[in-house]
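The file target_16.txt comes next; it holds compact mmCIF, C-alpha atoms.
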# COMPACT_ATOMS: atom_id res chain seq x y z
CA LEU A 230 -10.42 -11.35 1.42
CA ALA A 231 -12.82 -9.82 -1.07
CA LEU A 232 -10.72 -11.02 -4.00
CA ASP A 233 -11.35 -14.66 -3.05
CA ALA A 234 -14.94 -14.30 -4.23
CA GLN A 235 -13.79 -12.87 -7.56
CA GLY A 236 -12.67 -15.82 -9.65
CA PRO A 237 -12.72 -16.43 -13.38
CA GLY A 238 -16.18 -15.90 -14.80
CA SER A 239 -17.53 -13.44 -12.22
CA ASN A 240 -19.34 -10.46 -13.66
CA HIS A 241 -17.13 -7.41 -13.26
CA GLY A 242 -13.98 -8.01 -11.23
CA VAL A 243 -12.55 -5.94 -8.42
CA VAL A 244 -9.42 -3.89 -7.86
CA MET A 245 -8.74 -3.04 -4.21
CA GLY A 246 -6.24 -0.37 -3.23
CA CYS A 247 -5.95 3.30 -2.28
CA TRP A 248 -8.28 5.26 -4.52
CA GLY A 249 -8.28 9.02 -4.56
CA CYS A 250 -5.20 10.13 -6.48
CA ALA A 251 -5.44 12.18 -9.65
CA ALA A 252 -3.14 13.78 -12.17
CA HIS A 253 -3.56 17.52 -11.63
CA ASN A 254 -7.29 17.29 -10.91
CA LYS A 255 -8.05 14.97 -13.81
CA CYS A 256 -7.93 11.21 -14.31
CA PRO A 257 -9.04 10.10 -10.82
CA GLY A 258 -7.66 6.72 -9.86
CA LEU A 259 -5.33 4.52 -7.84
CA CYS A 260 -2.51 5.81 -5.70
CA GLY A 261 0.02 3.25 -6.89
CA GLY A 262 2.40 3.75 -3.98
CA CYS A 263 -0.04 1.82 -1.82
CA GLY A 264 0.04 -1.19 -4.06
CA TYR A 265 -3.18 -2.83 -5.14
CA ALA A 266 -4.78 -6.22 -5.63
CA ALA A 267 -6.75 -7.11 -8.77
CA SER A 268 -8.97 -10.12 -9.26
CA PHE A 269 -8.45 -12.39 -12.22
CA THR A 270 -11.66 -11.11 -13.77
CA ALA A 271 -10.56 -7.48 -13.42
CA ILE A 272 -7.33 -8.25 -15.25
CA GLU A 273 -9.18 -10.20 -17.95
CA ARG A 274 -11.57 -7.28 -18.43
CA ALA A 275 -8.71 -4.79 -18.62
CA LEU A 276 -6.84 -6.82 -21.22
CA GLY A 277 -9.90 -7.52 -23.35
CA ASN A 278 -9.37 -9.58 -26.49
CA SER A 279 -6.15 -7.96 -27.66
CA THR A 280 -2.92 -7.33 -25.81
CA GLN A 281 -1.93 -4.80 -28.48
CA SER A 282 -5.18 -2.85 -28.07
CA PHE A 283 -4.76 -2.89 -24.29
CA LEU A 284 -1.19 -1.54 -24.55
CA ALA A 285 -2.26 1.19 -26.99
CA GLU A 286 -5.11 2.20 -24.69
CA GLN A 287 -2.79 2.21 -21.66
CA MET A 288 -0.32 4.44 -23.51
CA ASP A 289 -3.12 6.81 -24.56
CA PHE A 290 -4.28 7.10 -20.95
CA CYS A 291 -0.66 7.58 -19.82
CA THR A 292 -0.42 10.56 -22.16
CA GLU A 293 -3.78 11.94 -21.00
CA CYS A 294 -2.93 11.37 -17.34
CA GLU A 295 0.49 13.03 -17.36
CA LEU A 296 2.47 9.76 -17.55
CA TRP A 297 1.16 8.35 -14.26
CA GLY A 298 0.88 4.63 -15.03
CA ASP A 299 -1.13 3.79 -11.90
CA ILE A 300 -3.70 6.44 -12.72
CA ALA A 301 -3.73 5.42 -16.38
CA ILE A 302 -4.54 1.77 -15.61
CA SER A 303 -7.27 3.04 -13.28
CA GLN A 304 -8.96 4.65 -16.28
CA ILE A 305 -9.07 1.28 -18.04
CA TYR A 306 -10.51 -0.45 -14.99
CA ALA A 307 -13.17 2.27 -14.66
CA LYS A 308 -14.01 2.12 -18.37
CA ARG A 309 -14.48 -1.68 -18.09
CA GLY A 310 -16.83 -1.34 -15.09
CA VAL A 311 -14.48 -2.99 -12.59
CA GLU A 312 -15.40 -2.37 -8.95
CA HIS A 313 -12.81 -0.41 -7.00
CA PRO A 314 -13.25 -0.34 -3.22
CA ASN A 315 -10.57 0.99 -0.92
CA LEU A 316 -8.44 -1.56 0.90
CA ALA A 317 -7.81 -0.52 4.49
CA GLY A 318 -4.32 -0.88 5.93
CA LEU A 319 -2.42 0.54 2.97
CA TYR A 320 -0.27 3.60 3.64
CA GLY A 321 1.01 5.08 0.40
CA PHE A 322 2.61 8.15 1.92
CA LYS A 323 5.24 8.50 4.62
CA LEU A 324 3.51 8.87 7.98
CA ASN A 325 4.53 11.06 10.89
CA LYS A 326 5.08 9.32 14.26
CA GLN A 327 1.56 9.96 15.56
CA ASP A 328 -0.10 8.67 12.39
CA PHE A 329 2.23 5.65 12.34
CA ASP A 330 1.30 4.82 15.95
CA ASN A 331 -2.39 5.28 15.11
CA SER A 332 -2.05 2.87 12.17
CA LEU A 333 -0.83 0.23 14.62
CA LYS A 334 -3.86 0.71 16.89
CA ASN A 335 -6.56 0.77 14.18
CA ASP A 336 -9.35 -1.56 15.32
CA ARG A 337 -10.85 -1.83 11.82
CA SER A 338 -7.77 -3.05 9.99
CA GLU A 339 -4.18 -3.98 10.62
CA PRO A 340 -1.40 -2.43 8.54
CA LEU A 341 -0.68 -4.21 5.27
CA MET A 342 1.89 -1.94 3.61
CA TYR A 343 3.90 1.21 4.27
CA HIS A 344 5.39 3.09 1.33
CA TYR A 345 8.71 4.91 1.28
CA ILE A 346 10.59 2.32 3.30
CA THR A 347 14.03 3.05 1.91
CA SER A 348 16.59 1.32 4.10
CA TRP A 349 17.40 -2.11 5.44
CA ASN A 350 17.08 -0.84 9.03
CA GLN A 351 13.58 0.53 8.39
CA MET A 352 12.46 -2.78 6.89
CA GLU A 353 14.13 -4.73 9.68
CA LEU A 354 12.34 -2.64 12.32
CA LEU A 355 8.99 -3.35 10.63
CA HIS A 356 9.86 -7.05 10.42
CA ARG A 357 10.61 -7.18 14.15
CA LEU A 358 7.48 -5.16 14.93
CA PHE A 359 5.12 -7.46 13.03
CA LEU A 360 6.88 -10.74 13.85
CA PRO A 361 4.91 -12.68 16.46
CA PRO A 362 6.62 -11.89 19.78
CA GLN A 363 7.10 -15.51 20.93
CA GLY A 364 10.71 -16.47 20.59
CA GLN A 365 11.82 -12.88 20.09
CA THR A 366 13.30 -10.55 22.66
CA PRO A 367 12.37 -6.89 22.62
CA ASN A 368 14.92 -4.74 20.85
CA VAL A 369 17.05 -2.90 23.35
CA SER A 370 19.02 -0.29 21.48
CA ILE A 371 20.60 2.99 22.33
CA ASN A 372 17.28 4.56 21.32
CA ALA A 373 15.10 2.26 23.42
CA ALA A 374 14.56 4.94 26.03
CA ALA A 375 13.55 7.48 23.40
CA ASN A 376 9.83 7.03 22.80
CA HIS A 377 10.08 8.76 19.41
CA ALA A 378 12.29 5.88 18.15
CA CYS A 379 10.02 3.04 19.30
CA ALA A 380 6.68 1.59 18.26
CA GLU A 381 4.40 -1.09 19.67
CA PHE A 382 2.11 -3.56 17.89
CA HIS A 383 0.03 -6.05 19.90
CA GLY A 384 2.34 -5.71 22.91
CA ASN A 385 5.51 -6.12 20.88
CA ARG A 386 7.61 -2.98 21.44
CA GLN A 387 10.51 -2.42 19.05
CA CYS A 388 12.93 0.46 18.61
CA ALA A 389 15.06 1.77 15.80
CA ALA A 390 18.58 0.42 15.66
CA THR A 391 20.72 3.52 15.50
CA THR A 392 19.62 6.80 13.95
CA LEU A 393 16.60 8.83 12.92
CA SER A 394 17.08 7.64 9.33
CA ASP A 395 16.19 4.14 10.60
CA LEU A 396 12.64 5.24 11.44
CA PRO A 397 9.86 4.20 9.03
CA TRP A 398 7.86 7.30 10.05

Would you mind giving the structure from this file in structure tokens?
Amino acid sequence: LALDAQGPGSNHGVVMGCWGCAAHNKCPGLCGGCGYAASFTAIERALGNSTQSFLAEQMDFCTECELWGDIAISQIYAKRGVEHPNLAGLYGFKLNKQDFDNSLKNDRSEPLMYHYITSWNQMELLHRLFLPPQGQTPNVSINAAANHACAEFHGNRQCAATTLSDLPW
């Protein structure tokens, strides 16, 4: 991973995530729902020499950026010259079925995170879907015949347990 090359003492640091959110067309920055990964150097640069100064600056940017903490911290990273490439495989918004299926077939990157997973059954379906298929039997549920309730990842087909609210898409 790109963060492995960013250890203590490197020049600028890196924060990888979903970039492209903004607070009402100002304060461009991270879409925090995707999650993000920051190198040690990026965090050091953000904090600077004073925790109190960092917190005051973060609060100032929160005010400027309409109280969006993810976008506010992005302003600090940008101000400190931290690199900020996108990290493929992060899905910060609920996907429809077609986009979810496409995320599973992406040749450039495998899924790392889906946002808005709100129930145990949704998480359990994702767990079964991404669990290596050896030693696991395909889920055969009342929805198994309904293609809209099933997904496949590397030949491992899994279906939602019971209802439409169990779908992560």

Go through stretch 306-393 of chain A residue by residue and, counting only C-alpha atoms, keep those with an atom at most 10 Å from stretch 265-269 of chain A; for each kept residue give the shortest atom pair and its distance in Å to one decimal, ordered by chain and increasing number, as JSON lines.
{"residue": "A:Tyr306", "atom": "CA", "partner": "A:Ala267", "partner_atom": "CA", "distance": 9.9}
{"residue": "A:Val311", "atom": "CA", "partner": "A:Ala267", "partner_atom": "CA", "distance": 9.6}
{"residue": "A:Glu312", "atom": "CA", "partner": "A:Ala267", "partner_atom": "CA", "distance": 9.9}
{"residue": "A:His313", "atom": "CA", "partner": "A:Ala267", "partner_atom": "CA", "distance": 9.2}
{"residue": "A:Asn315", "atom": "CA", "partner": "A:Tyr265", "partner_atom": "CA", "distance": 9.3}
{"residue": "A:Leu316", "atom": "CA", "partner": "A:Tyr265", "partner_atom": "CA", "distance": 8.1}
{"residue": "A:Leu319", "atom": "CA", "partner": "A:Tyr265", "partner_atom": "CA", "distance": 8.8}

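Relative to atom CA of A:Gly262, atom CA of A:Gly384 is found at 28.5 Å.
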
Between atom CA of A:Pro257 and atom CA of A:Trp398, distance in Å (one decimal): 27.0 Å

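The space between atom CA of A:Asn278 and atom CA of A:Ser303 spans 18.4 Å.
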
Long-range neighbours of A:Asp289 as JSON, numbers by chain, 12 Å cut-off, all atoms listed in the file, 6 positions minimum in chain: {"A": [282, 283, 295, 296, 297, 298, 300, 301, 302, 304, 305]}

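For A:His356, the residues within 12 Å (counting all atoms listed in the file, excluding itself and residues fewer than 5 positions away along the chain) are Met342, Tyr343, Ile346, Trp349, Asn350, Gln351, Pro361, Pro362, Gln365, Asn368, Phe382, Asn385, Arg386, Gln387, Cys388, Ala389 and Pro397 of chain A.
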
Pick from A:Cys294, A:Leu396, A:Ala251, A:Leu276, whichever lies nearest to A:Lys323 using all atoms listed in the file: A:Leu396

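Of the listed residues A:Gln287, A:Ser332, A:Gln281, A:Asn254, the one whose atoms come nearest to A:Ala380 is A:Ser332, with distances taken using all atoms listed in the file.
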
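Using all atoms listed in the file, the smallest distance between any of A:Glu293, A:Leu393, A:Ile272, A:Lys334 and A:His253 comes from A:Glu293.
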
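Using only C-alpha atoms, the smallest distance between any of A:Cys291, A:Cys263, A:Val243, A:Ala378 and A:Pro340 comes from A:Cys263.
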
Grab all the atoms of stretch 382-387 of chain A that the file lists, wrap them in a box along x, y and z, add 3 Å per side, and give me centre plus edge lengths in Å (one decimal) as JSON.
{"center_x": 5.3, "center_y": -4.3, "center_z": 20.4, "size_x": 16.5, "size_y": 9.7, "size_z": 11.0}
